[in-house]
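A.B. asks: Just passing along the structure, written as structure tokens.
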Protein chains: 2
Amino acid sequence: MLIVKKFGGTSVGDKDRIMNVAKRCAEEYQKGNNVVVVLSAMGKTTDLLLKQAREIHPKAPKRELDMLLTTGEQTSVALMAIALDSMGIPAISLNAFQVAMNTTSVYGNARLKKIDKERIQHELNSRKIVIVTGFQGVNKYGDYTTLGRGGSDTTAVALAAALHADACEIYTDVDGVFTADPRIVKNARKLKEITYDEMLDLATCGAGVLHNRSVEMAKKYGVPLVVRSSLNDHEGTIVKEVTNVEKMLISGVALDDHAARISVMGLKDEPGIAFKLFNTLAKNNINVDIILQSIGRESERTKDISFTVNEEDVETAVSLIEENKERITLKSVTSNCDIAKVSIVGAGMTSNPGVAAKMFEALFNMGININMISTSEIRITVLVKRSDGEKAVNAIHDAFFGETD
Amino acid sequence: MLIVKKFGGTSVGDKDRIMNVAKRCAEEYQKGNNVVVVLSAMGKTTDLLLKQAREIHPKAPKRELDMLLTTGEQTSVALMAIALDSMGIPAISLNAFQVAMNTTSVYGNARLKKIDKERIQHELNSRKIVIVTGFQGVNKYGDYTTLGRGGSDTTAVALAAALHADACEIYTDVDGVFTADPRIVKNARKLKEITYDEMLDLATCGAGVLHNRSVEMAKKYGVPLVVRSSLNDHEGTIVKEVTNVEKMLISGVALDDHAARISVMGLKDEPGIAFKLFNTLAKNNINVDIILQSIGRESERTKDISFTVNEEDVETAVSLIEENKERITLKSVTSNCDIAKVSIVGAGMTSNPGVAAKMFEALFNMGININMISTSEIRITVLVKRSDGEKAVNAIHDAFFGETD
């Protein structure tokens, strides 16, 4: 068996945790399995490096930020190889250059394109544990890139797909995927299984357990994922195509309180306008989440479009739109960061009417006003005031999962 | 003009020093010159990384130590590129993979073999300051190697040679090359010029300003070196083939108090024995410095050989010799770390008899006992007790350079 194991920054945060991870990997290896380990930078390393850079230059070039940040994972993998060697387990660490982890050119937010298996396969064949830097890649210019937030998950899934691994285990500091964030909702329950699509909607909606790109890739290549804790031996949550357990109405409630809403008013009601608007943002690597277009005002022949972005991107997005005012044909643009995105996700809702009504009722009972509503086949998202976010999640969770354990 | 500038760890030890170095490089660039900057890891980074590794595993594999240590210079070069960008100067950082800094395979002590100029030349052509990681290389397996202590000097000289640079400036925390270590000898004077050979002997004898391999390489390729301070604009010392200044009797007194003496007794007096002894050490990358062979005892047909190594290598060297006792044909081996190596160096001594006598007289006057003597054409080295080291350097410096300034 070939197992890919990914450990996040918290799991390798200090010497003892590194030894703990090494021990887990050694146990897997000693069962006779081949093991590939993907690591993030230790603890707060990435944040500290960013702070160092910003103290020198608040708008540091992204190419150099990536050059800086990639040292973080390289430190982790080298220390892990040293830890395994101290246990007598043959191990070797490899960075993005050594694995030829090819990505697109965009610094800070690159996408994986191709992995060269040769070196990894060679090291596995000589029965070494192979430890690979997560989060980083190399672009066509021969420069380091990084994969954006949560990118190490994507590295792990991509390696599992490329190497046809039997399992891809994502280790984190929680026991698995929960019906809601246990730090916010006391009664949150751990899910035994969840489908890729549900996981994807949860990830997109701010449930921080897995990065959505990694779930997309797992779905695309059929890589079975396991999300579990690096701190205990609990079973974790399996993410796969079809779940066997009896369908719950919804599988989880998610909160994203780092979103912001941008409203563009008075757009000409003619074809190609939405394309111009969102293409301008896409070209600048701004991810747009929920999009809502109002019915146009026929008298004025105009329409309004609202959408959400990560709050970090609000300023850039608004000024991009302002700059292209004439071309996009808008009257005005406003933004609002005082919002929280609350979503329910579940494959069960397709066959059960009344799910939306139940969600809205829960919010009404708590006196929470809904700003915007957006739905997909297996997801309902509402925008509320940011200060109402946690209250909303609890109310909805109680409504669907009951107040007692 | 193309100028290579190398800055050591102290010169880039914190944000302010990084900005200071960036400013110096920007000034050079704004004169219209092309600038290549070689950097070491910031301040104590390398030591801290080694400490982290040793806490996990006292005998960490060298391949993984190199993987760990190379993050240090990468951090420096990225931050320097960010600093230059903040001043509006186009700059790009490159690591050993990106420069294709090819070395031999020995981890921890590799030698540079070949540098691929293409990427650097390309970036210089687009008028960028190119910032290269010192100390590190890549071997034929595609793994990081490091060049050993002072390796960044070697990187700078090698780049200057490969790029046919007009000058190679080694910036450090002292004003240049002194007649003795100013921290030990109060009256030490800065030299205006010194020859490669003198510098080489000084470097080998423990004057820490330049790494001897870098001087060897500078001599081989005729790269003119300038050693100067990163903290002020003083002129520094020029290292070149022939010096123009009136020859001083000696150019400096050096102290090495990290040496240890190993004595191998009762070796068979027959051909090939010395080869076997030193080949055993060379194969394990132990650098041997001074070698002295006593006249054999004819009655026993044996001989004794003493030599010095870095004190860090003593244990390994002694056990290697013990393990090969039969093959090397020795009776016993002893070691002594309570020694200091004191040397005088100067091209002037070839034409001036009595230099050795003057040195020995100075030591005699201070009541310092000499353990071992070794001479080359432009160098005389004595071993004394370690506690006598600084006293010996002062006495000799006074004898040759006078007590007052």
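Here, A, B, ... name the chains of the structure tokens in the order displayed, residue numbers run from 1 inside each chain, and ligands are numbered from 1 in the same displayed order.
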I need the contact residues of chain B against chain A, so if you could list those with any atom within 8 Å, counting only C-alpha atoms, and return them as a PyMOL selection string, that would help.
C.D. replies: chain B and resi 15+19+53+55-57+59-61+64-65+67-68+71-72+74-75+78-79+81-83+85-86+92-93+97-98+142-143
A.B. asks: Extract, using only C-alpha atoms, all DNA, RNA and protein residues at most 7 Å from Lys113 in chain B, discarding same-chain residues fewer than 2 positions from it, and format them as a PyMOL selection string.
C.D. replies: chain B and resi 102-104+111
A.B. asks: Would you write out those residues with all heavy atoms, as a JSON list (two decimals), in the first residue's frame?
C.D. replies:
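As a result, result_25.json now contains:
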[["chain", "number", "residue", "atom", "x", "y", "z"],
["B", 102, "ASN", "N", 26.59, 24.17, -9.52],
["B", 102, "ASN", "CA", 26.96, 22.75, -9.39],
["B", 102, "ASN", "C", 28.16, 22.52, -8.49],
["B", 102, "ASN", "O", 29.17, 23.19, -8.62],
["B", 102, "ASN", "CB", 27.27, 22.18, -10.77],
["B", 102, "ASN", "CG", 26.04, 22.16, -11.65],
["B", 102, "ASN", "OD1", 25.06, 21.51, -11.33],
["B", 102, "ASN", "ND2", 26.09, 22.91, -12.73],
["B", 103, "THR", "N", 28.04, 21.54, -7.60],
["B", 103, "THR", "CA", 29.14, 21.22, -6.69],
["B", 103, "THR", "C", 29.43, 19.73, -6.71],
["B", 103, "THR", "O", 28.69, 18.94, -7.29],
["B", 103, "THR", "CB", 28.78, 21.59, -5.23],
["B", 103, "THR", "OG1", 27.78, 20.67, -4.77],
["B", 103, "THR", "CG2", 28.25, 23.00, -5.12],
["B", 104, "THR", "N", 30.49, 19.36, -6.01],
["B", 104, "THR", "CA", 30.74, 17.94, -5.75],
["B", 104, "THR", "C", 29.64, 17.43, -4.82],
["B", 104, "THR", "O", 28.83, 18.20, -4.32],
["B", 104, "THR", "CB", 32.10, 17.75, -5.07],
["B", 104, "THR", "OG1", 32.11, 18.54, -3.87],
["B", 104, "THR", "CG2", 33.23, 18.22, -5.98],
["B", 111, "ARG", "N", 32.53, 21.23, -2.97],
["B", 111, "ARG", "CA", 33.34, 22.19, -3.73],
["B", 111, "ARG", "C", 32.58, 22.59, -4.98],
["B", 111, "ARG", "O", 31.98, 21.74, -5.64],
["B", 111, "ARG", "CB", 34.65, 21.54, -4.18],
["B", 111, "ARG", "CG", 35.44, 20.94, -3.07],
["B", 111, "ARG", "CD", 36.74, 21.66, -2.91],
["B", 111, "ARG", "NE", 37.31, 21.37, -1.61],
["B", 111, "ARG", "CZ", 38.46, 21.86, -1.18],
["B", 111, "ARG", "NH1", 39.15, 22.67, -1.95],
["B", 111, "ARG", "NH2", 38.90, 21.57, 0.02]]
A.B. asks: So that I can check the surroundings of Val242 in chain B, please list as a PyMOL selection string every protein, DNA and RNA residue that reaches within 10 Å of it, counting only C-alpha atoms and ignoring chain neighbours fewer than 4 positions away.
C.D. replies: chain B and resi 193-197+347
A.B. asks: For Ser374 in chain A, work out the shell of residues within 12 Å, counting only C-alpha atoms and skipping chain neighbours fewer than 4 positions away, then give it as a list in words.
C.D. replies: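 The residues that qualify are Cys205, Asp289, Ile290, Ile291, Leu292, Gln293, Ser306, Phe307, Thr308, Lys341, Val342, Ser343, Ile344, Ala356, Ile370, Ile378, Arg379, Ile380, Thr381, Val382 and Leu383 of chain A.
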A.B. asks: Could those selected residues go to a file with all heavy atoms, as a short mmCIF file (atom, residue, chain, number, x, y, z; two decimals), in the first residue's frame?
C.D. replies:
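The result, stored in result_24.cif:
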data_model
loop_
_atom_site.label_atom_id
_atom_site.label_comp_id
_atom_site.auth_asym_id
_atom_site.auth_seq_id
_atom_site.Cartn_x
_atom_site.Cartn_y
_atom_site.Cartn_z
N CYS A 205 -17.65 27.42 1.70
CA CYS A 205 -18.44 28.27 2.58
C CYS A 205 -17.73 28.58 3.88
O CYS A 205 -18.35 29.06 4.82
CB CYS A 205 -19.78 27.61 2.87
SG CYS A 205 -20.76 27.48 1.38
N ASP A 289 -17.11 34.73 -5.10
CA ASP A 289 -17.87 33.59 -4.59
C ASP A 289 -19.31 33.69 -5.08
O ASP A 289 -19.61 33.44 -6.23
CB ASP A 289 -17.72 33.56 -3.08
CG ASP A 289 -18.30 32.30 -2.49
OD1 ASP A 289 -18.46 31.33 -3.25
OD2 ASP A 289 -18.61 32.31 -1.29
N ILE A 290 -20.21 34.08 -4.22
CA ILE A 290 -21.63 34.13 -4.60
C ILE A 290 -21.90 35.31 -5.52
O ILE A 290 -21.44 36.41 -5.28
CB ILE A 290 -22.48 34.30 -3.33
CG1 ILE A 290 -22.26 33.11 -2.43
CG2 ILE A 290 -23.94 34.50 -3.66
CD1 ILE A 290 -22.84 33.30 -1.06
N ILE A 291 -22.64 35.07 -6.57
CA ILE A 291 -23.04 36.16 -7.48
C ILE A 291 -24.56 36.22 -7.54
O ILE A 291 -25.22 35.19 -7.70
CB ILE A 291 -22.50 35.93 -8.91
CG1 ILE A 291 -20.98 35.83 -8.89
CG2 ILE A 291 -22.97 37.04 -9.84
CD1 ILE A 291 -20.38 35.49 -10.24
N LEU A 292 -25.12 37.39 -7.39
CA LEU A 292 -26.57 37.58 -7.49
C LEU A 292 -26.85 38.73 -8.43
O LEU A 292 -26.28 39.80 -8.29
CB LEU A 292 -27.15 37.93 -6.12
CG LEU A 292 -27.71 36.80 -5.27
CD1 LEU A 292 -28.47 37.39 -4.10
CD2 LEU A 292 -28.62 35.89 -6.09
N GLN A 293 -27.71 38.49 -9.42
CA GLN A 293 -28.07 39.60 -10.31
C GLN A 293 -29.55 39.90 -10.15
O GLN A 293 -30.38 39.01 -10.21
CB GLN A 293 -27.76 39.22 -11.76
CG GLN A 293 -28.12 40.33 -12.72
CD GLN A 293 -27.81 39.96 -14.15
OE1 GLN A 293 -26.77 39.38 -14.44
NE2 GLN A 293 -28.72 40.29 -15.05
N SER A 306 -24.61 41.94 -7.39
CA SER A 306 -23.88 41.87 -6.12
C SER A 306 -23.11 40.56 -6.08
O SER A 306 -23.55 39.56 -6.62
CB SER A 306 -24.84 41.90 -4.93
OG SER A 306 -25.46 43.15 -4.85
N PHE A 307 -21.95 40.60 -5.42
CA PHE A 307 -21.19 39.36 -5.26
C PHE A 307 -20.31 39.46 -4.04
O PHE A 307 -20.11 40.55 -3.48
CB PHE A 307 -20.35 39.07 -6.52
CG PHE A 307 -19.44 40.19 -6.91
CD1 PHE A 307 -18.14 40.25 -6.41
CD2 PHE A 307 -19.88 41.20 -7.76
CE1 PHE A 307 -17.29 41.29 -6.77
CE2 PHE A 307 -19.03 42.24 -8.12
CZ PHE A 307 -17.74 42.29 -7.62
N THR A 308 -19.80 38.31 -3.59
CA THR A 308 -18.92 38.33 -2.42
C THR A 308 -17.49 37.96 -2.84
O THR A 308 -17.28 37.19 -3.76
CB THR A 308 -19.39 37.33 -1.33
OG1 THR A 308 -19.43 36.02 -1.91
CG2 THR A 308 -20.74 37.69 -0.80
N LYS A 341 -21.14 35.06 6.04
CA LYS A 341 -21.79 34.12 5.14
C LYS A 341 -22.13 32.88 5.93
O LYS A 341 -21.24 32.24 6.48
CB LYS A 341 -20.81 33.73 4.03
CG LYS A 341 -21.21 34.09 2.64
CD LYS A 341 -20.05 33.88 1.68
CE LYS A 341 -19.60 32.44 1.60
NZ LYS A 341 -18.35 32.29 0.85
N VAL A 342 -23.41 32.54 6.01
CA VAL A 342 -23.81 31.33 6.73
C VAL A 342 -24.44 30.37 5.73
O VAL A 342 -25.34 30.76 4.98
CB VAL A 342 -24.81 31.66 7.86
CG1 VAL A 342 -25.21 30.40 8.60
CG2 VAL A 342 -24.19 32.67 8.82
N SER A 343 -23.93 29.13 5.70
CA SER A 343 -24.40 28.18 4.70
C SER A 343 -24.80 26.86 5.34
O SER A 343 -24.20 26.45 6.34
CB SER A 343 -23.30 27.88 3.68
OG SER A 343 -22.75 29.06 3.17
N ILE A 344 -25.79 26.20 4.75
CA ILE A 344 -26.03 24.80 5.08
C ILE A 344 -25.76 23.99 3.83
O ILE A 344 -26.01 24.45 2.71
CB ILE A 344 -27.46 24.54 5.61
CG1 ILE A 344 -28.51 24.98 4.60
CG2 ILE A 344 -27.68 25.21 6.96
CD1 ILE A 344 -29.92 24.59 5.02
N ALA A 356 -34.94 25.00 3.09
CA ALA A 356 -34.70 26.44 3.12
C ALA A 356 -35.61 27.11 4.12
O ALA A 356 -35.17 27.94 4.94
CB ALA A 356 -34.92 27.03 1.72
N ILE A 370 -31.87 38.74 7.07
CA ILE A 370 -31.13 38.17 5.95
C ILE A 370 -30.90 39.23 4.88
O ILE A 370 -31.84 39.87 4.43
CB ILE A 370 -31.90 36.97 5.34
CG1 ILE A 370 -32.13 35.89 6.41
CG2 ILE A 370 -31.15 36.39 4.16
CD1 ILE A 370 -33.03 34.75 5.95
N ILE A 378 -27.10 21.64 -3.56
CA ILE A 378 -26.93 21.04 -2.23
C ILE A 378 -26.47 22.06 -1.19
O ILE A 378 -25.87 21.71 -0.18
CB ILE A 378 -25.90 19.87 -2.30
CG1 ILE A 378 -24.52 20.38 -2.74
CG2 ILE A 378 -26.39 18.76 -3.22
CD1 ILE A 378 -23.41 19.36 -2.47
N ARG A 379 -26.73 23.33 -1.45
CA ARG A 379 -26.27 24.36 -0.52
C ARG A 379 -27.24 25.52 -0.50
O ARG A 379 -27.82 25.90 -1.52
CB ARG A 379 -24.89 24.86 -0.94
CG ARG A 379 -24.33 25.98 -0.07
CD ARG A 379 -22.99 26.49 -0.61
NE ARG A 379 -23.07 26.91 -2.01
CZ ARG A 379 -23.59 28.06 -2.42
NH1 ARG A 379 -24.08 28.92 -1.54
NH2 ARG A 379 -23.63 28.35 -3.71
N ILE A 380 -27.45 26.11 0.69
CA ILE A 380 -28.18 27.38 0.81
C ILE A 380 -27.29 28.33 1.60
O ILE A 380 -26.80 27.98 2.69
CB ILE A 380 -29.52 27.21 1.54
CG1 ILE A 380 -30.39 26.19 0.80
CG2 ILE A 380 -30.24 28.55 1.68
CD1 ILE A 380 -31.63 25.79 1.56
N THR A 381 -27.04 29.48 1.07
CA THR A 381 -26.20 30.47 1.75
C THR A 381 -26.99 31.75 1.98
O THR A 381 -27.70 32.20 1.09
CB THR A 381 -24.96 30.80 0.91
OG1 THR A 381 -24.20 29.62 0.72
CG2 THR A 381 -24.09 31.84 1.60
N VAL A 382 -26.84 32.31 3.18
CA VAL A 382 -27.42 33.63 3.43
C VAL A 382 -26.32 34.55 3.92
O VAL A 382 -25.33 34.11 4.50
CB VAL A 382 -28.54 33.57 4.50
CG1 VAL A 382 -29.69 32.70 4.01
CG2 VAL A 382 -28.01 33.09 5.83
N LEU A 383 -26.48 35.84 3.63
CA LEU A 383 -25.59 36.83 4.22
C LEU A 383 -26.34 37.51 5.36
O LEU A 383 -27.49 37.89 5.21
CB LEU A 383 -25.19 37.89 3.20
CG LEU A 383 -24.34 37.48 2.01
CD1 LEU A 383 -23.78 38.73 1.32
CD2 LEU A 383 -23.19 36.58 2.44
#
A.B. asks: What is the CA of His397 in chain A to CA of Glu235 in chain A distance in Å?
C.D. replies: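 One can read the CA of His397 in chain A to CA of Glu235 in chain A distance as 23.1 Å.
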A.B. asks: Identify, on the basis of only C-alpha atoms, every residue whose closest approach to Gly151 in chain A does not exceed 8 Å; exclude the query and any residue fewer than 5 positions from it along the same chain; express the result as a list in words.
C.D. replies: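 Returned residues: Gly134, Phe135, Gln136, Thr146, His211 and Ser214 of chain A.
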A.B. asks: Would you mind exporting all heavy atoms of the selected residues as a PDB file, in the first residue's frame?
C.D. replies:
ATOM      1  N   GLY A 134       4.868  20.853   1.156  1.00  0.00           N
ATOM      2  CA  GLY A 134       3.554  21.231   0.665  1.00  0.00           C
ATOM      3  C   GLY A 134       3.560  22.673   0.216  1.00  0.00           C
ATOM      4  O   GLY A 134       4.561  23.380   0.353  1.00  0.00           O
ATOM      5  N   PHE A 135       2.443  23.128  -0.407  1.00  0.00           N
ATOM      6  CA  PHE A 135       2.183  24.563  -0.593  1.00  0.00           C
ATOM      7  C   PHE A 135       3.011  25.204  -1.703  1.00  0.00           C
ATOM      8  O   PHE A 135       2.660  26.253  -2.204  1.00  0.00           O
ATOM      9  CB  PHE A 135       2.440  25.288   0.735  1.00  0.00           C
ATOM     10  CG  PHE A 135       2.187  26.768   0.782  1.00  0.00           C
ATOM     11  CD1 PHE A 135       0.919  27.275   0.536  1.00  0.00           C
ATOM     12  CD2 PHE A 135       3.206  27.659   1.087  1.00  0.00           C
ATOM     13  CE1 PHE A 135       0.676  28.642   0.616  1.00  0.00           C
ATOM     14  CE2 PHE A 135       2.973  29.026   1.164  1.00  0.00           C
ATOM     15  CZ  PHE A 135       1.698  29.519   0.926  1.00  0.00           C
ATOM     16  N   GLN A 136       4.119  24.567  -2.123  1.00  0.00           N
ATOM     17  CA  GLN A 136       5.021  25.242  -3.055  1.00  0.00           C
ATOM     18  C   GLN A 136       5.150  24.534  -4.390  1.00  0.00           C
ATOM     19  O   GLN A 136       4.957  23.332  -4.492  1.00  0.00           O
ATOM     20  CB  GLN A 136       6.404  25.409  -2.433  1.00  0.00           C
ATOM     21  CG  GLN A 136       7.077  24.121  -2.012  1.00  0.00           C
ATOM     22  CD  GLN A 136       8.426  24.388  -1.338  1.00  0.00           C
ATOM     23  OE1 GLN A 136       9.476  23.987  -1.807  1.00  0.00           O
ATOM     24  NE2 GLN A 136       8.365  25.099  -0.233  1.00  0.00           N
ATOM     25  N   THR A 146       3.741  29.760  -4.781  1.00  0.00           N
ATOM     26  CA  THR A 146       2.993  29.101  -3.708  1.00  0.00           C
ATOM     27  C   THR A 146       1.541  28.966  -4.141  1.00  0.00           C
ATOM     28  O   THR A 146       1.079  29.679  -5.035  1.00  0.00           O
ATOM     29  CB  THR A 146       3.076  29.872  -2.374  1.00  0.00           C
ATOM     30  OG1 THR A 146       2.548  31.181  -2.561  1.00  0.00           O
ATOM     31  CG2 THR A 146       4.510  29.957  -1.887  1.00  0.00           C
ATOM     32  N   HIS A 211      -9.086  22.563   2.068  1.00  0.00           N
ATOM     33  CA  HIS A 211      -9.059  23.605   1.057  1.00  0.00           C
ATOM     34  C   HIS A 211      -9.901  23.145  -0.143  1.00  0.00           C
ATOM     35  O   HIS A 211      -9.792  22.006  -0.572  1.00  0.00           O
ATOM     36  CB  HIS A 211      -7.611  23.814   0.638  1.00  0.00           C
ATOM     37  CG  HIS A 211      -7.421  25.020  -0.199  1.00  0.00           C
ATOM     38  ND1 HIS A 211      -7.888  26.254   0.170  1.00  0.00           N
ATOM     39  CD2 HIS A 211      -6.804  25.201  -1.385  1.00  0.00           C
ATOM     40  CE1 HIS A 211      -7.577  27.135  -0.755  1.00  0.00           C
ATOM     41  NE2 HIS A 211      -6.916  26.515  -1.715  1.00  0.00           N
ATOM     42  N   SER A 214      -8.296  21.342  -3.079  1.00  0.00           N
ATOM     43  CA  SER A 214      -7.848  19.970  -2.837  1.00  0.00           C
ATOM     44  C   SER A 214      -9.024  19.003  -2.968  1.00  0.00           C
ATOM     45  O   SER A 214      -8.866  17.884  -3.462  1.00  0.00           O
ATOM     46  CB  SER A 214      -7.195  19.855  -1.461  1.00  0.00           C
ATOM     47  OG  SER A 214      -8.137  20.114  -0.439  1.00  0.00           O
TER      48      SER A 214
END
A.B. asks: Could you check how far CA of Arg386 in chain A sits from CA of Ala260 in chain A, in Å to one decimal?
C.D. replies: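 Between these atoms lies a distance of 9.8 Å.
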